[in-house]
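Pasting my_file.txt here (compact mmCIF, C-alpha atoms and all ligand atoms):
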```txt
# COMPACT_ATOMS: atom_id res chain seq x y z
CA MET A 1 116.63 -19.77 131.87
CA MET A 2 118.18 -23.19 131.43
CA PRO A 3 121.76 -23.53 130.13
CA VAL A 4 122.00 -24.97 126.61
CA GLY A 5 123.78 -28.19 127.65
CA GLU A 6 121.17 -28.97 130.27
CA ALA A 7 118.32 -28.31 127.83
CA GLN A 8 119.97 -30.57 125.22
CA ALA A 9 120.32 -33.34 127.83
CA LYS A 10 116.63 -32.98 128.69
CA VAL A 11 115.60 -33.26 125.03
CA LEU A 12 117.78 -36.34 124.55
CA GLY A 13 116.28 -37.76 127.74
CA LEU A 14 112.85 -37.60 126.04
CA ALA A 15 114.07 -39.73 123.12
CA LEU A 16 113.39 -43.47 123.25
CA ALA A 17 115.16 -45.31 120.42
CA LEU A 18 112.67 -46.24 117.69
CA PRO A 19 111.87 -49.88 116.87
CA VAL A 20 114.04 -51.93 114.51
CA GLU A 21 112.87 -52.89 111.03
CA HIS A 22 114.61 -54.88 108.30
CA VAL A 23 115.55 -52.67 105.37
CA ALA A 24 116.57 -53.79 101.86
CA LEU A 25 120.26 -53.11 101.27
CA ALA A 26 119.38 -50.93 98.27
CA ASP A 27 117.42 -48.60 100.56
CA ALA A 28 119.82 -48.64 103.50
CA ALA A 29 122.13 -45.67 102.74
CA GLY A 30 121.43 -42.94 105.27
CA ARG A 31 119.70 -45.33 107.66
CA TRP A 32 121.01 -46.16 111.15
CA LEU A 33 122.10 -49.77 111.56
CA ALA A 34 120.62 -50.84 114.91
CA GLU A 35 122.81 -53.81 115.82
CA ALA A 36 126.09 -55.38 114.72
CA VAL A 37 125.91 -57.62 111.64
CA GLN A 38 128.40 -60.29 110.53
CA ALA A 39 129.96 -60.99 107.14
CA ARG A 40 128.57 -64.16 105.62
CA ARG A 41 131.68 -64.93 103.56
CA ASP A 42 135.36 -64.15 103.04
CA GLN A 43 136.31 -61.42 100.57
CA PRO A 44 137.87 -62.31 98.29
CA PRO A 45 136.46 -65.81 98.77
CA PHE A 46 139.63 -67.30 97.16
CA ASP A 47 143.13 -66.08 96.34
CA ALA A 48 142.37 -63.75 93.41
CA SER A 49 144.48 -62.23 90.68
CA ALA A 50 144.89 -58.45 90.95
CA MET A 51 146.07 -58.09 87.33
CA ASP A 52 145.58 -59.36 83.79
CA GLY A 53 148.56 -61.59 82.95
CA TYR A 54 149.88 -65.08 83.59
CA ALA A 55 149.89 -67.16 86.77
CA ILE A 56 153.18 -69.01 87.37
CA ALA A 57 154.51 -71.28 90.12
CA GLY A 58 156.96 -68.88 91.81
CA ASP A 59 159.72 -66.28 91.38
CA ALA A 60 161.37 -66.32 87.95
CA GLU A 61 164.20 -64.55 86.14
CA GLU A 62 164.04 -62.37 83.06
CA GLY A 63 164.19 -64.44 79.87
CA MET A 64 162.59 -67.59 81.32
CA THR A 65 159.85 -69.20 79.24
CA PHE A 66 156.63 -70.97 80.25
CA HIS A 67 154.07 -73.08 78.42
CA VAL A 68 150.52 -71.69 78.64
CA VAL A 69 148.32 -74.64 79.70
CA GLY A 70 144.93 -72.96 80.22
CA GLU A 71 142.96 -69.93 81.25
CA ALA A 72 141.31 -68.54 84.42
CA GLY A 73 138.78 -65.71 84.14
CA ALA A 74 136.65 -63.83 86.68
CA GLY A 75 133.88 -66.32 87.49
CA HIS A 76 135.76 -69.24 85.78
CA HIS A 77 138.53 -71.09 87.59
CA PHE A 78 141.22 -73.20 85.93
CA ALA A 79 140.69 -76.80 87.03
CA GLY A 80 144.28 -78.03 86.79
CA THR A 81 147.54 -77.32 88.63
CA VAL A 82 150.32 -75.01 87.42
CA GLY A 83 153.65 -76.83 87.15
CA PRO A 84 157.16 -75.24 87.29
CA ASP A 85 157.50 -74.51 83.54
CA GLN A 86 153.85 -73.76 83.04
CA ALA A 87 151.67 -70.63 83.02
CA VAL A 88 147.91 -70.05 83.06
CA ARG A 89 146.45 -67.06 81.25
CA ILE A 90 144.65 -65.17 84.02
CA PHE A 91 142.44 -62.08 84.30
CA THR A 92 141.77 -59.65 87.13
CA GLY A 93 139.42 -61.16 89.72
CA ALA A 94 139.97 -64.77 88.61
CA PRO A 95 140.77 -67.48 91.19
CA VAL A 96 144.52 -68.16 91.24
CA PRO A 97 145.00 -71.77 90.09
CA ARG A 98 146.44 -74.49 92.32
CA GLY A 99 150.24 -74.42 92.25
CA ALA A 100 150.50 -70.75 91.23
CA LEU A 101 152.25 -68.34 93.61
CA ARG A 102 152.40 -65.17 91.55
CA VAL A 103 150.96 -63.38 88.54
CA VAL A 104 153.14 -61.64 85.96
CA LEU A 105 151.61 -58.69 84.12
CA GLN A 106 150.91 -59.28 80.45
CA GLU A 107 152.91 -56.09 79.70
CA ASP A 108 156.01 -57.86 81.10
CA VAL A 109 155.88 -60.92 78.81
CA THR A 110 156.16 -61.67 75.10
CA ARG A 111 153.71 -64.28 73.92
CA GLU A 112 154.79 -66.62 71.13
CA GLY A 113 152.02 -69.13 70.31
CA ASP A 114 151.38 -71.15 73.48
CA ASN A 115 154.55 -69.90 75.21
CA ILE A 116 155.47 -66.74 77.09
CA ARG A 117 158.92 -65.23 77.73
CA LEU A 118 159.50 -62.89 80.70
CA ASN A 119 160.78 -59.43 79.74
CA ALA A 120 161.42 -58.59 83.40
CA PRO A 121 162.25 -60.61 86.51
CA ALA A 122 159.14 -61.96 88.29
CA THR A 123 159.95 -61.08 91.90
CA GLY A 124 158.48 -58.74 94.52
CA ALA A 125 154.74 -58.07 94.45
CA THR A 126 152.81 -61.27 93.67
CA HIS A 127 149.73 -59.47 92.27
CA ILE A 128 147.59 -61.90 94.25
CA ARG A 129 144.90 -60.77 96.71
CA PRO A 130 144.83 -63.44 99.42
CA GLN A 131 141.51 -64.99 100.46
CA GLY A 132 139.89 -62.90 103.25
CA ASN A 133 142.20 -59.97 102.54
CA ASP A 134 139.31 -57.46 102.69
CA PHE A 135 137.20 -59.22 105.35
CA SER A 136 136.59 -62.70 106.72
CA ALA A 137 133.35 -64.60 107.35
CA GLY A 138 131.97 -63.71 110.79
CA GLN A 139 133.70 -60.33 110.86
CA SER A 140 131.48 -57.83 112.68
CA PHE A 141 130.25 -54.48 111.38
CA ALA A 142 129.23 -52.14 114.21
CA PRO A 143 126.04 -50.01 114.38
CA LYS A 144 126.31 -46.58 112.74
CA ARG A 145 124.60 -44.39 110.17
CA LEU A 146 125.24 -46.13 106.86
CA THR A 147 127.07 -44.34 104.06
CA ALA A 148 127.22 -45.37 100.40
CA ASN A 149 130.64 -46.91 101.15
CA ASP A 150 129.18 -48.95 104.02
CA VAL A 151 126.42 -50.22 101.76
CA ALA A 152 129.01 -51.52 99.28
CA LEU A 153 130.83 -53.34 102.08
CA LEU A 154 127.61 -54.85 103.47
CA ALA A 155 126.58 -55.93 99.97
CA ALA A 156 129.93 -57.71 99.55
CA MET A 157 129.30 -59.37 102.93
CA ASN A 158 126.13 -60.79 101.30
CA LEU A 159 123.71 -59.09 103.69
CA PRO A 160 120.63 -58.25 101.59
CA ARG A 161 118.53 -56.95 104.52
CA LEU A 162 119.74 -54.88 107.43
CA PRO A 163 118.29 -54.24 110.90
CA CYS A 164 117.79 -50.47 110.98
CA ARG A 165 115.93 -48.09 113.26
CA ARG A 166 112.60 -46.97 111.88
CA ARG A 167 112.84 -43.49 110.38
CA PRO A 168 111.40 -40.88 112.76
CA VAL A 169 108.27 -39.14 111.53
CA VAL A 170 108.28 -35.39 112.17
CA ALA A 171 105.09 -33.32 112.02
CA MET A 172 106.03 -29.74 111.16
CA ILE A 173 103.68 -26.92 112.12
CA ALA A 174 104.17 -23.26 111.23
CA THR A 175 102.02 -20.88 113.27
CA GLY A 176 100.89 -17.32 112.65
CA ASP A 177 98.22 -15.25 110.90
CA GLU A 178 100.98 -13.45 108.97
CA LEU A 179 102.12 -16.53 107.04
CA VAL A 180 101.26 -17.77 103.56
CA MET A 181 102.88 -20.71 101.81
CA PRO A 182 105.54 -19.99 99.15
CA GLY A 183 103.79 -19.32 95.86
CA GLY A 184 100.69 -18.04 97.66
CA GLU A 185 99.24 -14.54 97.50
CA PRO A 186 100.45 -12.68 100.61
CA GLY A 187 98.13 -9.94 101.82
CA PRO A 188 99.61 -6.52 102.66
CA ASP A 189 100.38 -7.57 106.27
CA GLN A 190 101.68 -11.01 105.44
CA ILE A 191 105.02 -12.72 104.77
CA VAL A 192 105.98 -16.03 103.21
CA CYS A 193 106.57 -19.01 105.49
CA SER A 194 110.26 -19.97 105.31
CA ASN A 195 111.41 -21.58 108.55
CA THR A 196 109.65 -24.90 108.23
CA PHE A 197 111.21 -25.48 104.80
CA ALA A 198 114.72 -25.22 106.24
CA LEU A 199 113.76 -27.48 109.13
CA LYS A 200 112.20 -30.02 106.75
CA ALA A 201 115.39 -30.15 104.67
CA MET A 202 117.55 -30.49 107.79
CA ALA A 203 115.38 -33.25 109.27
CA GLU A 204 115.26 -35.21 106.03
CA ALA A 205 119.03 -35.02 105.67
CA GLU A 206 119.14 -36.58 109.15
CA GLY A 207 116.93 -39.50 108.04
CA ALA A 208 113.47 -38.31 109.14
CA LYS A 209 110.20 -38.36 107.22
CA VAL A 210 108.54 -34.97 107.47
CA ARG A 211 104.82 -34.24 107.33
CA MET A 212 104.18 -30.57 106.57
CA LEU A 213 100.91 -29.73 108.32
CA PRO A 214 98.73 -26.72 107.41
CA ILE A 215 99.76 -23.35 108.84
CA ALA A 216 98.03 -22.90 112.21
CA ARG A 217 96.31 -19.57 112.59
CA ASP A 218 96.59 -17.57 115.83
CA THR A 219 93.49 -18.94 117.55
CA VAL A 220 93.33 -21.59 120.22
CA GLN A 221 90.86 -23.59 118.12
CA ASP A 222 92.92 -23.60 114.93
CA LEU A 223 96.23 -24.32 116.65
CA ARG A 224 94.60 -27.15 118.61
CA LYS A 225 93.13 -28.62 115.42
CA VAL A 226 96.49 -28.59 113.63
CA VAL A 227 98.40 -30.02 116.62
CA GLU A 228 95.81 -32.84 116.73
CA LEU A 229 96.60 -33.57 113.05
CA ALA A 230 100.13 -34.41 114.20
CA GLN A 231 98.87 -37.65 115.81
CA GLY A 232 101.10 -40.60 115.02
CA ALA A 233 104.27 -38.54 114.58
CA ASP A 234 107.35 -39.30 116.68
CA VAL A 235 108.29 -35.62 116.87
CA ILE A 236 106.02 -32.58 116.74
CA VAL A 237 107.75 -29.32 115.82
CA THR A 238 105.93 -26.02 116.11
CA VAL A 239 107.49 -22.80 114.86
CA GLY A 240 106.51 -19.42 116.27
CA GLY A 241 104.01 -18.43 118.90
CA ALA A 242 106.49 -19.42 121.60
CA SER A 243 107.16 -16.05 123.17
CA VAL A 244 105.19 -13.80 125.48
CA GLY A 245 102.93 -11.92 123.03
CA ASP A 246 99.13 -12.05 123.26
CA HIS A 247 99.04 -14.26 120.15
CA ASP A 248 101.75 -16.67 121.31
CA LEU A 249 99.50 -19.63 122.02
CA VAL A 250 101.70 -22.71 121.61
CA GLY A 251 102.46 -23.14 125.31
CA GLN A 252 98.81 -22.80 126.33
CA VAL A 253 97.40 -25.09 123.62
CA THR A 254 99.97 -27.86 124.08
CA ALA A 255 99.50 -27.68 127.87
CA ASP A 256 95.71 -28.08 127.34
CA LEU A 257 96.44 -31.13 125.20
CA GLY A 258 98.46 -32.67 128.05
CA MET A 259 102.04 -31.81 127.24
CA GLU A 260 104.49 -32.70 130.01
CA ARG A 261 106.88 -29.79 129.71
CA ALA A 262 110.61 -30.49 130.19
CA PHE A 263 111.61 -26.82 129.98
CA TYR A 264 110.67 -23.42 128.59
CA LYS A 265 113.32 -20.80 127.81
CA VAL A 266 116.97 -21.53 127.26
CA ALA A 267 119.92 -19.23 127.93
CA MET A 268 120.82 -18.96 124.26
CA ARG A 269 120.79 -16.29 121.60
CA PRO A 270 119.04 -16.71 119.27
CA GLY A 271 116.46 -19.23 120.44
CA LYS A 272 115.54 -18.13 123.96
CA PRO A 273 111.80 -18.99 123.94
CA LEU A 274 112.38 -22.67 123.09
CA MET A 275 110.13 -25.24 124.80
CA ALA A 276 110.27 -29.02 124.85
CA GLY A 277 108.32 -31.86 126.36
CA ARG A 278 106.35 -35.01 125.76
CA LEU A 279 102.94 -34.82 124.11
CA GLY A 280 101.32 -38.27 124.06
CA ASP A 281 103.77 -40.64 122.38
CA ALA A 282 105.65 -37.78 120.68
CA VAL A 283 108.49 -35.51 121.68
CA MET A 284 107.40 -31.91 121.18
CA LEU A 285 109.76 -29.05 120.34
CA GLY A 286 108.28 -25.57 120.30
CA LEU A 287 110.74 -23.45 118.34
CA PRO A 288 110.79 -19.66 118.30
CA GLY A 289 109.47 -17.96 115.20
CA ASN A 290 112.35 -15.73 114.18
CA PRO A 291 113.83 -17.57 111.19
CA VAL A 292 117.43 -17.77 112.40
CA SER A 293 116.28 -18.68 115.93
CA ALA A 294 114.20 -21.58 114.62
CA ILE A 295 117.00 -22.88 112.42
CA VAL A 296 119.70 -22.55 115.10
CA CYS A 297 117.41 -24.45 117.50
CA GLY A 298 117.01 -27.02 114.73
CA HIS A 299 120.78 -27.61 114.68
CA LEU A 300 121.14 -27.68 118.45
CA PHE A 301 118.00 -29.61 119.46
CA LEU A 302 115.99 -31.13 116.60
CA LEU A 303 118.85 -32.84 114.76
CA PRO A 304 120.39 -34.36 117.93
CA LEU A 305 116.89 -35.59 118.88
CA LEU A 306 116.47 -37.26 115.47
CA ARG A 307 119.89 -38.91 115.81
CA ALA A 308 119.06 -40.16 119.31
CA LEU A 309 115.73 -41.60 118.13
CA GLN A 310 117.71 -43.54 115.52
CA GLY A 311 120.09 -44.93 118.10
CA ALA A 312 123.11 -42.59 117.82
CA ALA A 313 125.44 -42.92 120.80
CA ASP A 314 126.79 -39.35 120.46
CA PRO A 315 123.98 -37.31 118.93
CA LEU A 316 125.16 -33.79 119.83
CA PRO A 317 126.92 -31.62 117.26
CA VAL A 318 130.68 -31.52 117.65
CA ALA A 319 132.39 -28.14 117.91
CA ALA A 320 135.57 -27.38 115.96
CA GLU A 321 138.33 -24.83 116.58
CA ALA A 322 139.15 -21.75 114.55
CA VAL A 323 140.94 -18.43 114.82
CA LEU A 324 138.93 -15.21 114.92
CA ALA A 325 139.41 -12.90 111.93
CA GLU A 326 138.26 -9.82 113.83
CA ASP A 327 137.48 -8.51 117.31
CA VAL A 328 134.10 -9.34 118.89
CA ALA A 329 132.31 -7.59 121.78
CA PRO A 330 131.57 -9.24 125.17
CA THR A 331 128.44 -11.41 125.38
CA GLY A 332 125.45 -11.13 127.72
CA PRO A 333 123.70 -13.70 129.90
CA ARG A 334 123.00 -16.18 127.05
CA THR A 335 125.29 -18.41 124.96
CA HIS A 336 125.50 -16.59 121.65
CA TYR A 337 125.59 -18.59 118.42
CA MET A 338 126.91 -15.98 115.99
CA ARG A 339 126.45 -16.53 112.29
CA ALA A 340 129.89 -16.66 110.68
CA ARG A 341 131.86 -17.71 107.65
CA VAL A 342 134.73 -20.11 108.21
CA GLU A 343 137.50 -20.57 105.66
CA ALA A 344 140.69 -22.63 105.51
CA GLY A 345 143.65 -21.01 107.30
CA ALA A 346 147.38 -21.76 107.58
CA ASP A 347 147.10 -23.59 110.90
CA LEU A 348 143.48 -23.50 112.09
CA PRO A 349 140.51 -22.33 109.97
CA ILE A 350 139.77 -18.60 110.06
CA LEU A 351 136.33 -17.52 111.23
CA ARG A 352 134.67 -14.19 110.47
CA PRO A 353 131.35 -13.38 112.20
CA PHE A 354 128.82 -11.32 110.26
CA ALA A 355 128.34 -7.74 111.41
CA ASP A 356 124.54 -7.98 111.69
CA GLN A 357 123.35 -10.75 114.01
CA ASP A 358 119.61 -9.94 113.87
CA SER A 359 117.76 -13.26 114.14
CA ALA A 360 115.42 -12.30 111.29
CA LEU A 361 118.15 -12.21 108.62
CA LEU A 362 117.91 -15.20 106.28
CA GLY A 363 120.26 -13.47 103.82
CA VAL A 364 123.04 -13.57 106.41
CA LEU A 365 122.23 -17.15 107.38
CA SER A 366 122.39 -18.23 103.77
CA GLN A 367 125.97 -16.92 103.54
CA ALA A 368 126.99 -18.47 106.87
CA ASN A 369 128.59 -21.89 107.17
CA ALA A 370 129.37 -21.75 110.89
CA LEU A 371 128.00 -20.70 114.26
CA LEU A 372 130.64 -19.08 116.43
CA ILE A 373 129.95 -20.25 120.00
CA ARG A 374 130.29 -17.45 122.53
CA PRO A 375 129.83 -18.73 126.09
CA LEU A 376 127.48 -16.68 128.24
CA GLY A 377 129.30 -13.84 129.95
CA ASP A 378 132.26 -14.18 127.56
CA ALA A 379 134.75 -11.28 127.57
CA ALA A 380 135.59 -9.35 124.40
CA ARG A 381 137.71 -11.42 122.03
CA ARG A 382 140.50 -10.23 119.76
CA ALA A 383 141.36 -11.11 116.18
CA GLY A 384 143.72 -14.10 116.38
CA ASP A 385 142.04 -15.63 119.46
CA ARG A 386 141.11 -19.30 119.33
CA VAL A 387 137.35 -19.92 119.38
CA SER A 388 134.90 -22.81 119.03
CA TYR A 389 132.32 -23.09 116.28
CA LEU A 390 129.72 -25.47 114.92
CA PRO A 391 129.77 -26.13 111.18
CA ILE A 392 126.29 -25.63 109.66
N1 LIG B 401 108.42 -8.73 124.83
C1 LIG B 401 109.16 -9.70 124.31
N2 LIG B 401 109.11 -9.93 123.02
C2 LIG B 401 109.84 -10.89 122.45
C3 LIG B 401 110.70 -11.66 123.26
C4 LIG B 401 110.72 -11.44 124.65
O1 LIG B 401 111.43 -12.12 125.40
N3 LIG B 401 109.91 -10.44 125.12
N4 LIG B 401 111.48 -12.60 122.66
C5 LIG B 401 111.86 -12.34 121.31
C6 LIG B 401 112.58 -13.46 120.77
S1 LIG B 401 114.11 -13.74 121.38
C7 LIG B 401 112.08 -14.24 119.79
S2 LIG B 401 113.04 -15.49 119.12
C8 LIG B 401 110.75 -14.05 119.25
C9 LIG B 401 110.07 -15.40 119.14
O2 LIG B 401 108.76 -15.26 119.22
P1 LIG B 401 107.71 -16.36 118.83
O3 LIG B 401 108.27 -17.70 118.94
O4 LIG B 401 106.49 -16.07 119.59
O5 LIG B 401 107.51 -16.11 117.28
P2 LIG B 401 106.48 -15.21 116.51
O6 LIG B 401 106.17 -14.03 117.33
O7 LIG B 401 105.36 -16.08 116.09
O8 LIG B 401 107.36 -14.82 115.28
C10 LIG B 401 108.51 -14.08 115.38
C11 LIG B 401 108.91 -13.59 114.00
O9 LIG B 401 109.20 -14.69 113.16
C12 LIG B 401 108.35 -14.68 112.02
N5 LIG B 401 107.98 -16.05 111.70
C13 LIG B 401 107.28 -16.88 112.49
N6 LIG B 401 107.09 -18.06 111.87
C14 LIG B 401 107.67 -17.96 110.66
C15 LIG B 401 107.81 -18.86 109.58
N7 LIG B 401 107.31 -20.09 109.62
N8 LIG B 401 108.48 -18.43 108.49
C16 LIG B 401 108.99 -17.16 108.44
N9 LIG B 401 108.89 -16.29 109.45
C17 LIG B 401 108.23 -16.67 110.54
C18 LIG B 401 107.18 -13.86 112.44
O10 LIG B 401 106.51 -13.32 111.35
C19 LIG B 401 107.82 -12.82 113.32
O11 LIG B 401 108.38 -11.81 112.54
O12 LIG B 401 109.99 -13.18 120.06
C20 LIG B 401 110.69 -11.97 120.42
N10 LIG B 401 109.78 -11.09 121.10
O1 LIG B 402 116.32 -15.61 121.02
MO1 LIG B 402 115.47 -14.74 119.82
O2 LIG B 402 115.63 -16.26 119.13
O3 LIG B 402 116.96 -13.77 120.10
O4 LIG B 402 115.62 -14.05 118.29
```

Using structure tokens, write down the structure that the file contains.
Amino acid sequence: MMPVGEAQAKVLGLALALPVEHVALADAAGRWLAEAVQARRDQPPFDASAMDGYAIAGDAEEGMTFHVVGEAGAGHHFAGTVGPDQAVRIFTGAPVPRGALRVVLQEDVTREGDNIRLNAPATGATHIRPQGNDFSAGQSFAPKRLTANDVALLAAMNLPRLPCRRRPVVAMIATGDELVMPGGEPGPDQIVCSNTFALKAMAEAEGAKVRMLPIARDTVQDLRKVVELAQGADVIVTVGGASVGDHDLVGQVTADLGMERAFYKVAMRPGKPLMAGRLGDAVMLGLPGNPVSAIVCGHLFLLPLLRALQGAADPLPVAAEAVLAEDVAPTGPRTHYMRARVEAGADLPILRPFADQDSALLGVLSQANALLIRPLGDAARRAGDRVSYLPI
């Protein structure tokens, strides 16, 4: 069995970054910017008032008076120059007029006709945002996955279209005679398909487009037909049929279709019968059928693969540190990803593994927000020990 880190490296090695396409700014949140882009202007593009008030020529003492000679609003500059005894009525975002060095807040003046009197000394903060204070023309924005905040910045930089990686297309295939779709009519020996819905949600949150293919029945012909429907996808995910049972056909069928296998079986629990390889132009992940196994493999393999396809430099999940809330037994020959609940603690977060770690239990998984990472062959651990976990 291959160690988890080696298997992850092999999966990432199968991922060629997807082509670049130009995406409208309004659709760019969540997309991966493929190359650095440059601001097309300064922000603010001029010295701008940060307050509603009056622009004056410099520091001034309490009681001084000024003659109001005009007005500057956001989008409307004042064409003249502010002289020593003069003020210009100004509003937040307006260009600061020539000759003005500070803005006094309207709350700090008394207006009498066309004159103002200062009720406080005008010193200290100028209430002016200098030109280029936020960013300057030519300033570079590095490739990353774009957040809503990034989109605001790139909009202000006047970049209406952005070079992003194409979204990966994932074909999702559940396998097994026992499965019916949610809302269907399960027969007495059947259950409702759940795993692929979690994986779809996870992949979409990572930027993928997911095609849910029909459930493949446990025959070579049907599985082959459904895998062939996956043509055109960047990633093919099968769920179930990966183990050693007589009806576990995924390995055989994908091999017949020409899959170049990178590995089969990983030293992890849950998720042991994982396979990966290249099938035509697609990367294929064959996930185990047990619900928690499939979803844990999704976190450890599918999501990093989707990040790598979109150009991420560091696609693997990052472990965090916590303190164990209770004792745990030694582990066996596989890295154990134990479902756990992590909560804020005084120093480090406190992590409590669930008592039942059966890989069929979706109820436990739904309460979990962490996977405690137990290295293979790990000794028993005591409450209070420091441990690593992955947030999920
Ligand atoms: N003799 C052995 N038996 C098993 C081994 C082994 O090494 N030797 N490994 C076990 C482990 S570990 C796992 S994990 C499972 C994985 O087996 P498969 O990938 O072949 O999965 P299935 O047999 O098709 O299904 C397992 C289980 O999960 C349910 N399932 C499958 N797909 C879905 C779905 N889309 N939604 C909800 N539930 C699903 C299925 O009904 C089974 O109950 O094999 C062990 N056996
Ligand atoms: O590895 Mo299986 O995924 O233990 O349930």

**Message:** When you count only C-alpha atoms, which of these residues is closest to Val292 in chain A: A:Leu223, A:Ala198, A:Leu306, A:Ala379?
**Reply:**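 For Val292 in chain A, the nearest of the given residues is A:Ala198.
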
**Prompt:** Pick the closest to Pro214 in chain A from A:Ala242, A:Val253, A:Ala28, A:Ile173: which is it, counting all atoms listed in the file?
**Reply:**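 Going through A:Ala242, A:Val253, A:Ala28, A:Ile173 one by one, the smallest distance to Pro214 in chain A is for A:Ile173.
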
**Message:** Taking all atoms listed in the file into account, list the residues no farther than 8 Å from ligand LIG 402 (chain B), as a list in words.
**Reply:**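 What falls inside 8 Å of ligand LIG 402 (chain B) is Met268, Arg269, Pro270, Gly271, Lys272, Pro273, Pro288, Gly289, Asn290, Val292, Ser293, Ala294, Asp358, Ser359 and Ala360 of chain A.
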
**Message:** What does the structure give for the distance between CA of Asp42 in chain A and CA of Gly132 in chain A, in Å to one decimal?
**Reply:** 4.7 Å

**Long-range neighbours of range 15-22 of chain A as a ChimeraX atom specification, 6 Å cut-off, all atoms listed in the file, 2 positions minimum in chain** = /A:12-13,161-166,309-311

**Request:** Please identify every polymer residue within 10 Å of ligand LIG 401 (chain B), using all atoms listed in the file, and present the set as a PyMOL selection string.
**Result:** chain A and resi 172-182+189-199+215+218+238-251+265+268-275+286-294+359-360+362

**Asked** CA of Gln43 in chain A and CA of Asp134 in chain A, how far apart in Å?
**Response**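 Result for CA of Asp134 in chain A versus CA of Gln43 in chain A: 5.4 Å, one decimal.
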
**Request:** Determine, counting all atoms listed in the file, which protein, DNA and RNA residues have an atom within 10 Å of an atom of Glu260 in chain A; residues of the same chain fewer than 6 positions away are not included. Present the result as a list in words.
**Result:**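 My reading of the contact set: Thr254, Ala276, Gly277, Arg278, Leu279, Gly280, Val283 and Met284 of chain A.
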
**Prompt:** Nearest to Arg374 in chain A: which of A:Pro44, A:Tyr337, A:Asn119, A:Ala208 is it, counting all atoms listed in the file?
**Reply:**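 Closest to Arg374 in chain A, using all atoms listed in the file: A:Tyr337.
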
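The closest residue to Ala152 in chain A, picked from A:Ala201, A:Ile373, A:Leu25, A:Val328 and counting only C-alpha atoms, is A:Leu25.
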
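Nearest residue to Ile350 in chain A among A:Glu6, A:Asp378, A:Asp85, A:Glu321 is A:Glu321, counting all atoms listed in the file.
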
**Which of A:Pro353, A:Pro97, A:Gly363, A:Pro130 sits closest to Ala383 in chain A [using only C-alpha atoms]** = A:Pro353

**Message:** Can you measure CA of Val318 in chain A to CA of Ala282 in chain A for me? One decimal in Å is fine.
**Reply:** 26.0 Å

**Message:** Env of Thr110 in chain A: 10 Å cut, atoms = only C-alpha atoms, seq-sep filter 4 positions within chain, self excluded. Answer as a ChimeraX atom specification.
**Reply:** /A:63,65,106,115-119
